[in-house]
Amino acid sequence: MSTDLHHTPESAPATTPPRAAALHEPVIGWFDAHARDLPWRRPDAGAWSVMISEFMLQQTPVVRVLPVHEQWLARWPRPADLAAESPGEAVRAWGRLGYPRRALRLHAAAGAIAQRHGGEVPHDHAELLALPGVGEYTAAAVASFAYGRRHIVLDTNVRRVFARVVTGVAHPPNATTAAERRTAAGLLPADEATAARWAAATMELGALVCTARSPQCGQCPVAALCAWRLAGSPAHEGPPRRGQSYAGTDRQVRGRLLAVLRASPTPVSQSALDSVWHDPVQRARALDTLVEDGLVEPLADGVYRLPV
DNA sequence: CACACGTGGAT
DNA sequence: TATCCAAGTGT
């Protein structure tokens, strides 16, 4: 086994990266045999179902999204149904998925779809991107998964698969780079339907086999072509991967405060909020930012509620 | 571009 | 127990 002692992120892999065409069939074939049966992937799933799932899946695992996604779709079958609700109800129904600003943005996106797009989730990438809460990834994902369009879908799973198979490193950079976009563009099948299949397949491969912690290379359809394996599965180099701290942060306080509001069908008093965090300064700051974000609505006399 | 932004399960 | 990680977006 030859080890490159002077390896840097920009250096060429020790072996030739696999050709695009050599990857398509095994990866898509693997997907056909092993893809999970997720509600938003079923033939009868509409674009709205896909869009709800994409919002919920931003930084939240599939198993926790499943039940909430089902509830949302049953309660708000079309974008206009959600748009007709108060934003507070969206925040409440978001439950404990985390990052509740996503609920607010999905509610706002539903409003924009009802107003500007005749109630239909747009097909066009640029129009999707213009919606609140829809970034580069989500716009591509909705266009590709819901409408079969040909787009570069670069999420954390796909980035990790390409980092290993093509670039030969254990993990992708912290932020998406131009080099990654070039790699993804070079691998994207020319045929539109195949490209959409490829996007879903590479994402699923990263989620189920080419995982962050302990990849199941024995199950991987392209293990024999994988630049990382061929290089001896070298450990991660470079800057430490971004860790998230949580205990004691404003985020934790915001979470506590919002949990109180979600649980109460009626406005809550200042004292009810005061009871969930000891430090009055941090508590006040957290409440302030929740109000700024539109997640909490202050009423008169130190009473608060979810936004109407 | 680095950082804020929730929550909970796995190791 | 501490850390890592999960289909990112907005600033």
# chains A, B, ... in the order shown; residues from 1 in each chain; ligands from 1
>>> interface_residues(of="chain B", to="chain A", cutoff="7 Å", atoms="only C-alpha atoms (C1' of nucleotides)", output="PyMOL selection string")
chain B and resi 5-7
>>> residues_around(residues="segment 122-124 of chain A", least_positions_apart="4", cutoff="7 Å", atoms="only C-alpha atoms (C1' of nucleotides)", output="short mmCIF file (atom, residue, chain, number, x, y, z; two decimals) with C-alpha atoms, in the first residue's frame")
data_model
loop_
_atom_site.label_atom_id
_atom_site.label_comp_id
_atom_site.auth_asym_id
_atom_site.auth_seq_id
_atom_site.Cartn_x
_atom_site.Cartn_y
_atom_site.Cartn_z
CA HIS A 117 -47.56 30.29 -8.14
CA LEU A 128 -37.79 27.65 -5.84
CA ALA A 143 -36.79 20.17 -8.69
CA TYR A 147 -40.21 16.94 -10.99
#
>>> interface_residues(of="chain C", to="chain A", cutoff="8 Å", atoms="only C-alpha atoms (C1' of nucleotides)", output="list of chain:residue names")
C:DC4, C:DC5, C:DA6, C:DA7, C:DG8, C:DT9
>>> write_last_selection(atoms="N, CA and C atoms (P, O5', C5', C4', C3', O3' and C1' of nucleotides)", output="mmCIF file, in the first residue's frame")
data_model
loop_
_atom_site.group_PDB
_atom_site.id
_atom_site.type_symbol
_atom_site.label_atom_id
_atom_site.label_comp_id
_atom_site.auth_asym_id
_atom_site.auth_seq_id
_atom_site.Cartn_x
_atom_site.Cartn_y
_atom_site.Cartn_z
ATOM 1 P P DC C 4 -16.274 15.985 18.488
ATOM 2 O "O5'" DC C 4 -17.274 15.035 17.699
ATOM 3 C "C5'" DC C 4 -17.066 13.622 17.736
ATOM 4 C "C4'" DC C 4 -18.151 12.959 16.929
ATOM 5 C "C3'" DC C 4 -18.526 13.734 15.662
ATOM 6 O "O3'" DC C 4 -18.628 12.813 14.592
ATOM 7 C "C1'" DC C 4 -20.451 13.365 16.998
ATOM 8 P P DC C 5 -18.612 13.337 13.088
ATOM 9 O "O5'" DC C 5 -20.163 13.253 12.732
ATOM 10 C "C5'" DC C 5 -20.828 12.012 12.930
ATOM 11 C "C4'" DC C 5 -22.301 12.240 12.876
ATOM 12 C "C3'" DC C 5 -22.740 13.174 11.734
ATOM 13 O "O3'" DC C 5 -23.560 12.437 10.862
ATOM 14 C "C1'" DC C 5 -23.881 13.643 13.768
ATOM 15 P P DA C 6 -23.788 12.897 9.362
ATOM 16 O "O5'" DA C 6 -25.387 12.990 9.303
ATOM 17 C "C5'" DA C 6 -26.178 11.946 9.838
ATOM 18 C "C4'" DA C 6 -27.580 12.477 10.004
ATOM 19 C "C3'" DA C 6 -27.924 13.530 8.953
ATOM 20 O "O3'" DA C 6 -28.805 12.957 7.985
ATOM 21 C "C1'" DA C 6 -28.495 14.255 11.178
ATOM 22 P P DA C 7 -27.964 12.605 6.628
ATOM 23 O "O5'" DA C 7 -28.266 13.878 5.758
ATOM 24 C "C5'" DA C 7 -29.304 13.766 4.840
ATOM 25 C "C4'" DA C 7 -29.428 15.078 4.151
ATOM 26 C "C3'" DA C 7 -30.099 16.135 5.025
ATOM 27 O "O3'" DA C 7 -29.670 17.419 4.568
ATOM 28 C "C1'" DA C 7 -31.469 15.580 3.200
ATOM 29 P P DG C 8 -28.550 18.174 5.388
ATOM 30 O "O5'" DG C 8 -29.196 19.638 5.264
ATOM 31 C "C5'" DG C 8 -28.906 20.402 4.099
ATOM 32 C "C4'" DG C 8 -29.787 21.609 4.161
ATOM 33 C "C3'" DG C 8 -29.392 22.709 3.198
ATOM 34 O "O3'" DG C 8 -30.576 23.357 2.765
ATOM 35 C "C1'" DG C 8 -29.055 23.421 5.445
ATOM 36 P P DT C 9 -30.465 24.660 1.835
ATOM 37 O "O5'" DT C 9 -30.683 25.837 2.886
ATOM 38 C "C5'" DT C 9 -31.864 25.832 3.679
ATOM 39 C "C4'" DT C 9 -32.007 27.157 4.403
ATOM 40 C "C3'" DT C 9 -31.717 28.387 3.530
ATOM 41 O "O3'" DT C 9 -32.722 29.349 3.806
ATOM 42 C "C1'" DT C 9 -30.300 28.390 5.426
#
>>> select_by_dssp(residues="segment 98-292 of chain A", states="helix (DSSP H, G or I)", output="NGL selection string")
:A and (101-116 or 125-129 or 136-147 or 156-167 or 178-187 or 192-208 or 217-219 or 223-225 or 227-230 or 250-263 or 270-274 or 280-292)
>>> atom_distance(atom1="atom CA of Thr176 of chain A", atom2="atom CA of Met51 of chain A")
21.9 Å
